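Q: This one is start.cif, mmCIF, C-alpha atoms.
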data_protein
#
loop_
_atom_site.label_atom_id
_atom_site.label_comp_id
_atom_site.auth_asym_id
_atom_site.auth_seq_id
_atom_site.Cartn_x
_atom_site.Cartn_y
_atom_site.Cartn_z
CA MET M 1 76.07 66.52 181.45
CA ALA M 2 76.68 62.88 182.37
CA GLU M 3 75.40 63.58 185.86
CA GLN M 4 72.21 65.05 184.41
CA LYS M 5 71.75 61.96 182.22
CA ASN M 6 72.18 59.70 185.23
CA LYS M 7 69.58 61.69 187.13
CA ILE M 8 67.13 61.45 184.21
CA ILE M 9 67.71 57.68 184.05
CA LYS M 10 67.02 57.39 187.78
CA PHE M 11 63.94 59.57 187.37
CA ILE M 12 62.57 57.20 184.70
CA GLN M 13 63.42 54.16 186.84
CA GLU M 14 61.63 55.60 189.86
CA LEU M 15 58.67 56.55 187.67
CA SER M 16 58.52 52.99 186.27
CA SER M 17 58.52 51.49 189.75
CA LYS M 18 55.79 53.97 190.79
CA ASN M 19 58.05 55.57 193.40
CA TYR M 20 56.80 59.06 192.68
CA ALA M 21 58.59 60.70 195.61
CA GLY M 22 61.96 59.50 194.32
CA ALA M 23 61.03 60.50 190.78
CA HIS M 24 60.11 64.00 191.98
CA LYS M 25 63.44 64.29 193.80
CA TYR M 26 65.47 63.42 190.71
CA LEU M 27 63.37 65.60 188.37
CA LYS M 28 63.75 68.56 190.72
CA SER M 29 67.50 68.01 190.85
CA VAL M 30 67.74 67.85 187.03
CA ILE M 31 65.76 71.08 186.60
CA GLU M 32 67.86 72.83 189.25
CA ASP M 33 71.03 71.73 187.46
CA LYS M 34 69.74 73.01 184.14
CA ILE M 35 68.78 76.39 185.60
CA ALA M 36 72.13 76.67 187.40
CA LYS M 37 73.90 75.94 184.14
CA LYS M 38 71.90 78.67 182.39
CA ILE M 39 72.74 81.13 185.16
CA ASP M 40 76.44 80.19 184.98
CA ARG M 41 76.43 80.80 181.23
CA ALA M 42 74.75 84.18 181.72
CA THR M 43 77.18 85.13 184.51
CA ASP M 44 80.20 84.32 182.34
CA LYS M 45 79.12 86.95 179.81
CA PRO M 46 80.84 90.32 180.41
CA LEU M 47 78.72 93.11 181.83
CA PHE M 48 79.85 95.72 179.30
CA MET D 1 16.46 -35.00 147.97
CA LYS D 2 19.38 -34.99 145.62
CA ASN D 3 21.22 -37.33 147.97
CA GLU D 4 18.29 -39.65 147.89
CA LYS D 5 18.54 -39.77 144.15
CA SER D 6 22.26 -40.36 144.23
CA LEU D 7 21.94 -43.47 146.40
CA PRO D 8 22.50 -46.66 144.49
CA GLU D 9 19.69 -49.07 144.00
CA GLN D 10 21.38 -51.79 146.15
CA ALA D 11 21.48 -49.35 149.07
CA GLU D 12 17.82 -48.55 148.59
CA GLU D 13 17.06 -52.19 148.87
CA VAL D 14 19.12 -52.61 152.10
CA LEU D 15 18.35 -49.32 153.87
CA THR D 16 15.00 -48.11 154.89
CA GLU D 17 13.96 -44.57 154.66
CA ASP D 18 14.31 -44.06 158.42
CA SER D 19 17.84 -45.35 158.45
CA VAL D 20 18.70 -43.18 155.51
CA LYS D 21 17.32 -40.17 157.32
CA GLN D 22 19.24 -41.08 160.45
CA ILE D 23 22.40 -41.44 158.43
CA GLU D 24 21.73 -38.11 156.76
CA THR D 25 21.12 -36.41 160.10
CA ALA D 26 24.28 -37.89 161.57
CA ILE D 27 26.29 -36.85 158.58
CA GLU D 28 24.82 -33.33 158.68
CA GLU D 29 25.58 -33.03 162.41
CA LYS D 30 29.12 -34.19 161.84
CA ILE D 31 29.51 -31.72 158.99
CA GLN D 32 28.17 -28.94 161.17
CA LEU D 33 30.57 -29.83 163.96
CA SER D 34 33.50 -29.93 161.54
CA VAL D 35 32.49 -26.57 160.07
CA GLU D 36 32.16 -25.03 163.51
CA SER D 37 35.52 -26.41 164.55
CA ALA D 38 37.14 -25.12 161.38
CA LEU D 39 35.53 -21.74 161.86
CA THR D 40 36.74 -21.61 165.46
CA ASN D 41 40.24 -22.52 164.39
CA GLN D 42 40.10 -19.91 161.66
CA ASP D 43 38.89 -17.30 164.12
CA GLU D 44 41.66 -18.09 166.53
CA LEU D 45 44.26 -17.95 163.77
CA TYR D 46 42.93 -14.69 162.42
CA ALA D 47 42.71 -13.23 165.92
CA ALA D 48 46.36 -14.09 166.57
CA LYS D 49 47.38 -12.66 163.22
CA LEU D 50 45.34 -9.54 163.84
CA GLU D 51 46.95 -9.07 167.23
CA GLU D 52 50.36 -9.39 165.63
CA LEU D 53 49.36 -6.93 162.94
CA VAL D 54 47.98 -4.44 165.45
CA GLY D 55 51.16 -4.76 167.55
CA ALA D 56 53.33 -4.16 164.50
CA ILE D 57 51.23 -1.20 163.43
CA ASP D 58 51.39 0.21 166.98
CA LYS D 59 55.14 -0.19 167.11
CA ASP D 60 55.54 1.45 163.73
CA HIS D 61 53.26 4.30 164.73
CA THR D 62 55.10 4.69 168.04
CA ASP D 63 58.47 4.92 166.28
CA LYS D 64 57.13 7.37 163.77
CA LEU D 65 55.52 9.46 166.50
CA LYS D 66 58.76 9.45 168.47
CA ARG D 67 60.62 10.71 165.42
CA VAL D 68 57.96 13.35 164.85
CA VAL D 69 58.14 14.44 168.48
CA GLU D 70 61.96 14.62 168.34
CA ALA D 71 61.83 16.65 165.12
CA VAL D 72 59.25 18.99 166.58
CA ASP D 73 61.31 19.33 169.78
CA HIS D 74 64.46 20.05 167.80
CA ASN D 75 62.68 22.57 165.63
CA ASN D 76 61.14 24.29 168.64
CA ALA D 77 64.46 24.30 170.52
CA THR D 78 66.23 25.90 167.51
CA LYS D 79 63.51 28.49 167.25
CA LEU D 80 63.73 29.18 170.98
CA VAL D 81 67.51 29.60 170.74
CA ASN D 82 66.99 32.06 167.89
CA VAL D 83 64.38 33.88 169.95
CA VAL D 84 66.79 34.08 172.90
CA LYS D 85 69.59 35.41 170.68
CA LYS D 86 67.30 37.96 169.09
CA TYR D 87 66.06 39.01 172.51
CA GLU D 88 69.61 39.43 173.79
CA VAL D 89 70.56 41.52 170.74
CA GLU D 90 67.48 43.67 171.18
CA LEU D 91 68.17 44.02 174.89
CA ASN D 92 71.84 44.87 174.50
CA SER D 93 71.99 47.14 171.48
CA LYS D 94 68.58 48.44 170.60
CA ALA D 95 67.50 48.79 174.21
CA ASP D 96 70.60 50.89 174.92
CA THR D 97 69.89 53.04 171.88
CA PHE D 98 66.29 53.43 172.96
CA LYS D 99 67.39 54.28 176.49
CA SER D 100 69.80 57.00 175.36
CA THR D 101 67.23 58.35 172.91
CA LEU D 102 64.60 58.45 175.64
CA VAL D 103 66.96 60.21 178.05
CA GLU D 104 67.92 62.78 175.39
CA SER D 105 64.27 63.32 174.53
CA VAL D 106 63.40 63.93 178.18
CA SER D 107 66.38 66.27 178.52
CA ASP D 108 65.39 68.20 175.38
CA TYR D 109 61.80 68.43 176.55
CA LEU D 110 62.93 69.79 179.93
CA ASP D 111 65.16 72.32 178.14
CA GLU D 112 62.27 73.48 175.99
CA TYR D 113 59.95 73.67 178.96
CA LEU D 114 62.49 75.68 180.95
CA GLU D 115 63.08 77.97 177.97
CA GLU D 116 59.36 78.66 177.84
CA SER D 117 58.83 79.10 181.56
CA VAL D 118 62.15 80.81 182.42
CA PRO D 119 63.53 82.51 179.26
CA THR D 120 67.29 82.79 178.89
CA GLN D 121 66.94 86.51 178.25
CA ALA D 122 65.30 87.00 181.66
CA ILE D 123 68.09 85.05 183.36
CA GLU D 124 70.75 87.11 181.56
CA GLU D 125 69.00 90.32 182.55
CA ALA D 126 68.76 89.22 186.17
CA THR D 127 72.43 88.21 186.31
CA LYS D 128 73.42 91.53 184.70
CA ASN D 129 71.39 93.42 187.27
CA ARG D 130 72.99 91.50 190.08
CA THR D 131 76.49 91.94 188.69
CA ALA D 132 75.87 95.65 188.15
CA ARG D 133 74.68 95.99 191.73
CA GLU D 134 77.77 94.23 193.01
CA VAL D 135 80.01 96.45 190.86
CA LEU D 136 78.20 99.54 192.11
CA SER D 137 78.51 98.40 195.71
CA ASN D 138 82.22 97.78 195.29
CA LEU D 139 82.65 101.19 193.62
CA ARG D 140 80.88 102.82 196.54
CA LYS D 141 83.25 101.08 198.92
CA VAL D 142 86.28 102.10 196.88
CA LEU D 143 85.17 105.73 196.51
CA ALA D 144 83.74 105.87 200.05
CA VAL D 145 80.46 107.12 198.70
CA ASP D 146 77.39 106.30 200.73
CA SER D 147 73.86 107.59 200.48
CA SER D 148 74.72 110.85 202.26
CA LEU D 149 77.49 111.58 199.77
CA MET D 150 75.46 110.92 196.68
CA SER D 151 74.37 114.55 196.07
CA GLU D 152 75.65 116.28 192.96
CA SER D 153 77.91 118.76 194.76
CA VAL D 154 79.65 116.08 196.81
CA LYS D 155 79.91 113.89 193.75
CA GLU D 156 81.68 116.70 191.87
CA ALA D 157 84.07 117.27 194.77
CA VAL D 158 84.86 113.57 194.95
CA MET D 159 85.39 113.45 191.20
CA ASP D 160 87.66 116.50 191.40
CA GLY D 161 89.67 114.94 194.22
CA ARG D 162 89.96 111.75 192.26
CA THR D 163 91.19 113.65 189.18
CA GLN D 164 93.76 115.52 191.25
CA ILE D 165 94.98 112.30 192.82
CA ASP D 166 95.35 110.72 189.38
CA GLU D 167 97.23 113.76 188.03
CA LEU D 168 99.55 113.81 191.01
CA ALA D 169 100.23 110.12 190.68
CA ASP D 170 101.13 110.67 187.02
CA LYS D 171 103.47 113.51 188.00
CA VAL D 172 105.16 111.36 190.65
CA ASN D 173 105.70 108.63 188.10
CA LYS D 174 107.22 111.04 185.59
CA LEU D 175 109.50 112.56 188.25
CA GLN D 176 110.63 109.14 189.34
CA GLN D 177 111.49 108.27 185.77
CA GLN D 178 113.43 111.52 185.34
CA ASN D 179 115.23 110.89 188.63
CA ASN D 180 116.23 107.43 187.48
CA VAL D 181 117.56 108.78 184.19
CA LEU D 182 119.54 111.49 185.97
CA LYS D 183 120.97 109.01 188.48
CA GLU D 184 122.06 106.75 185.66
CA ALA D 185 123.73 109.62 183.77
CA TYR D 186 125.47 110.81 186.96
CA ASN D 187 126.78 107.33 187.68
CA LYS D 188 128.11 107.03 184.15
CA LYS D 189 129.84 110.37 184.31
CA THR D 190 131.34 109.63 187.74
CA ALA D 191 132.55 106.25 186.57
CA SER D 192 134.16 107.63 183.42
CA LEU D 193 135.81 110.43 185.43
CA LEU D 194 137.13 107.99 188.02
CA LEU D 195 138.41 105.69 185.33
CA GLU D 196 140.06 108.59 183.52
CA ASN D 197 141.80 109.72 186.75
CA LYS D 198 143.03 106.23 187.57
CA THR D 199 144.28 105.45 184.06
CA SER D 200 145.80 108.87 183.27
CA GLY D 201 149.42 107.82 183.96
CA LEU D 202 149.20 104.32 182.47
CA PRO D 203 150.51 103.15 179.08
CA GLY D 204 148.05 103.22 176.17
CA LYS D 205 147.44 99.51 175.84
CA LYS D 206 146.80 99.01 179.53
CA LYS D 207 144.54 102.06 179.60
CA GLU D 208 142.61 100.75 176.62
CA TYR D 209 142.21 97.36 178.30
CA LEU D 210 141.01 98.86 181.58
CA VAL D 211 138.52 101.15 179.82
CA LYS D 212 137.22 98.23 177.84
CA ILE D 213 136.70 96.07 180.95
CA LEU D 214 135.49 98.69 183.43
CA GLY D 215 133.96 101.30 181.09
CA ASP D 216 130.33 100.34 181.64
CA LYS D 217 130.60 99.62 185.39
CA SER D 218 129.53 101.66 188.42
CA PRO D 219 132.06 103.83 190.36
CA GLU D 220 131.91 101.46 193.36
CA PHE D 221 132.72 98.50 191.16
CA ILE D 222 135.61 100.40 189.54
CA LYS D 223 136.99 101.35 192.99
CA GLU D 224 136.83 97.75 194.18
CA ASN D 225 138.17 96.03 191.08
CA PHE D 226 140.56 98.50 189.44
CA ASN D 227 143.73 97.12 191.06
CA TYR D 228 142.73 93.53 190.44
CA THR D 229 142.00 94.23 186.74
CA ALA D 230 145.29 96.10 186.34
CA LYS D 231 147.21 93.19 187.88
CA LEU D 232 145.37 90.79 185.64
CA PHE D 233 146.45 92.79 182.62
CA ASP D 234 150.08 92.83 183.86
CA LYS D 235 150.05 89.09 184.29
CA LYS D 236 148.65 88.51 180.84
CA GLU D 237 151.17 90.91 179.33
CA ASN D 238 154.05 89.17 181.14
CA GLU D 239 152.86 85.81 179.90
CA ARG D 240 152.56 87.13 176.35
CA LEU D 241 156.09 88.64 176.52
CA SER D 242 157.58 85.42 177.88
CA VAL D 243 155.95 83.45 175.09
CA LEU D 244 157.32 85.91 172.50
CA LYS D 245 160.76 85.69 174.09
CA GLU D 246 160.77 81.90 173.97
CA GLU D 247 159.70 81.92 170.34
CA ALA D 248 162.45 84.42 169.50
CA PHE D 249 165.06 82.23 171.25
CA LYS D 250 163.93 79.22 169.35
CA LYS D 251 164.00 80.98 165.96
CA ARG D 252 167.37 82.79 166.35
CA LYS D 253 170.47 81.75 164.37
CA VAL D 254 173.98 82.25 165.87
CA LYS D 255 176.71 83.39 163.43
CA ALA D 256 180.13 81.60 163.43
CA ASP D 257 182.13 84.74 164.12
CA ALA D 258 179.76 86.19 166.65
CA PRO D 259 181.36 86.95 170.05
CA VAL D 260 180.52 84.35 172.59
CA GLN D 261 179.09 85.88 175.66
CA PRO D 262 179.52 84.13 178.94
CA ILE D 263 176.31 82.65 180.13
CA THR D 264 175.40 84.05 183.44
CA GLU D 265 172.39 82.95 185.36
CA GLU D 266 170.13 85.80 186.04
CA LYS D 267 167.92 85.64 189.00
CA LYS D 268 164.48 86.04 187.57
CA PRO D 269 161.95 87.80 189.67
CA GLU D 270 159.22 85.50 190.94
CA SER D 271 156.17 85.67 188.77
CA ARG D 272 153.50 87.11 190.86
CA ASN D 273 150.05 85.75 190.66
CA PRO D 274 147.49 88.56 190.95
CA TYR D 275 144.88 86.11 192.32
CA LEU D 276 147.17 85.13 195.22
CA ASP D 277 148.07 88.76 195.85
CA GLU D 278 144.44 89.70 195.96
CA LEU D 279 143.72 86.81 198.33
CA LYS D 280 146.61 87.82 200.60
CA ARG D 281 145.42 91.41 200.57
CA SER D 282 141.88 90.42 201.45
CA HIS D 283 143.12 88.13 204.31
CA LYS D 284 145.13 90.98 205.76
#
Can the structure from this file be put into structure tokens for me?
A:
Amino acid sequence: MAEQKNKIIKFIQELSSKNYAGAHKYLKSVIEDKIAKKIDRATDKPLF
Amino acid sequence: MKNEKSLPEQAEEVLTEDSVKQIETAIEEKIQLSVESALTNQDELYAAKLEELVGAIDKDHTDKLKRVVEAVDHNNATKLVNVVKKYEVELNSKADTFKSTLVESVSDYLDEYLEESVPTQAIEEATKNRTAREVLSNLRKVLAVDSSLMSESVKEAVMDGRTQIDELADKVNKLQQQNNVLKEAYNKKTASLLLENKTSGLPGKKKEYLVKILGDKSPEFIKENFNYTAKLFDKKENERLSVLKEEAFKKRKVKADAPVQPITEEKKPESRNPYLDELKRSHK
């Protein structure tokens, strides 16, 4: 969670300094983390 | 004309009109000169005084302006210090709060957006499908079922074989348990029989002691340790008897007319230590 927050902070910083490539990188990483977390939660649930 | 009238009659007799006019003109010129001189002096005096006054006023105004400037500077500096403090407070506390709020808002927005674009239900379904496929694949490996063996008849045969294997495994388990129970009962019986044979000719107390110590042991243990336990009992019994004998000697009272028996030294047998005997036996 803290890592995600740090990435969002860096995303906003890059966006403020108009470094859109860097901002895209951090946003992509945050979204990937969120999806991976969702998949982990779904995987932990028992099949039956 | 008035002056002419004020002249005395003697002067009118002495002075002519021309001389009177000349005198008047001279006097008027002198008066004019005196007036001009006085005016000049007055001007100079007033000019000096005015200069002094202007200088004093300037000095006063300068002092007052300096004080005003200092007061304004002080006021502005105080206000600036307050502005700096307020700015620092805003920067340190409220800016942090705003930053965390902004980050949380962005995170929440991303969560919502992801929930809309990739629903959690779809992810759960996909993971279930994948897990089910993996389970199925593993089951195929375990049961050795591939695509050629997936027909109904083969499936039934495999299921039948599996059932038979399970039943046989259960039977083997039950037989093993029965075998263990029988072995245990046999060992107990053998041990009790062996113990009974070995203790048949022994006195009751010794027999009771040996049964108590070795009753729940295996036949091998009884064979190995019977002699040692019997010797241990003998040693304890000897010690107990010697203690009783000493106590009896201490408590006895000799009568006056009792026959005196000659004291003869008896050679006592050496007390044997069963530990040492056992050690000697094992060394041999």
Q: Report as a list in words the set of chain D residues whose atoms approach chain M to within 8 Å, with distances computed over all atoms listed in the file.
A: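 In the required form, that comes to Val103, Glu104, Val106, Ser107, Leu110, Asp111, Leu114, Thr120, Ile123, Glu124, Thr127, Lys128, Thr131 and Ala132 of chain D.
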Q: Could you please take those selected residues and save C-alpha atoms as a short mmCIF file (atom, residue, chain, number, x, y, z; two decimals), in the frame of the given file?
A:
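Done, and the output landed in again_12.cif:
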data_model
loop_
_atom_site.label_atom_id
_atom_site.label_comp_id
_atom_site.auth_asym_id
_atom_site.auth_seq_id
_atom_site.Cartn_x
_atom_site.Cartn_y
_atom_site.Cartn_z
CA VAL D 103 66.96 60.21 178.05
CA GLU D 104 67.92 62.78 175.39
CA VAL D 106 63.40 63.93 178.18
CA SER D 107 66.38 66.27 178.52
CA LEU D 110 62.93 69.79 179.93
CA ASP D 111 65.16 72.32 178.14
CA LEU D 114 62.49 75.68 180.95
CA THR D 120 67.29 82.79 178.89
CA ILE D 123 68.09 85.05 183.36
CA GLU D 124 70.75 87.11 181.56
CA THR D 127 72.43 88.21 186.31
CA LYS D 128 73.42 91.53 184.70
CA THR D 131 76.49 91.94 188.69
CA ALA D 132 75.87 95.65 188.15
#
Q: Run the PyMOL selection byres ((chain D and resi 211) around 12) on the file and write out the hits as a list in words.
A: Ala191, Ser192, Leu193, Leu194, Leu195, Glu196, Asn197, Lys198, Thr199, Ser200, Leu202, Gly204, Lys205, Lys206, Lys207, Glu208, Tyr209, Leu210, Lys212, Ile213, Leu214, Gly215, Asp216, Lys217, Ile222, Phe226, Thr229, Ala230 and Phe233 of chain D
Q: How many Å lie between atom CA of D:Glu52 and atom CA of D:Thr40, rounded to one decimal?
A: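 Those two atoms sit 18.3 Å apart.
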Q: Residues near M:Leu15, anyone? I mean within 12 Å using all atoms listed in the file, not counting same-chain ones fewer than 5 positions away, as a list in words.
A: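 Listed by chain and then number, they are Ile8, Ile9, Lys10, Tyr20, Ala21, Gly22, Ala23, His24, Lys25, Tyr26 and Leu27 of chain M.
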Q: One number please: atom CA of D:Ser218 to atom CA of D:Leu182, in Å, one decimal.
A: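 Distance reported for this atom pair: 14.2 Å.
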Q: If you measure from atom CA of D:Ala122 to atom CA of M:Lys37, what distance in Å do you get, rounded to one decimal?
A: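 Between atom CA of D:Ala122 and atom CA of M:Lys37 the gap works out to 14.2 Å.
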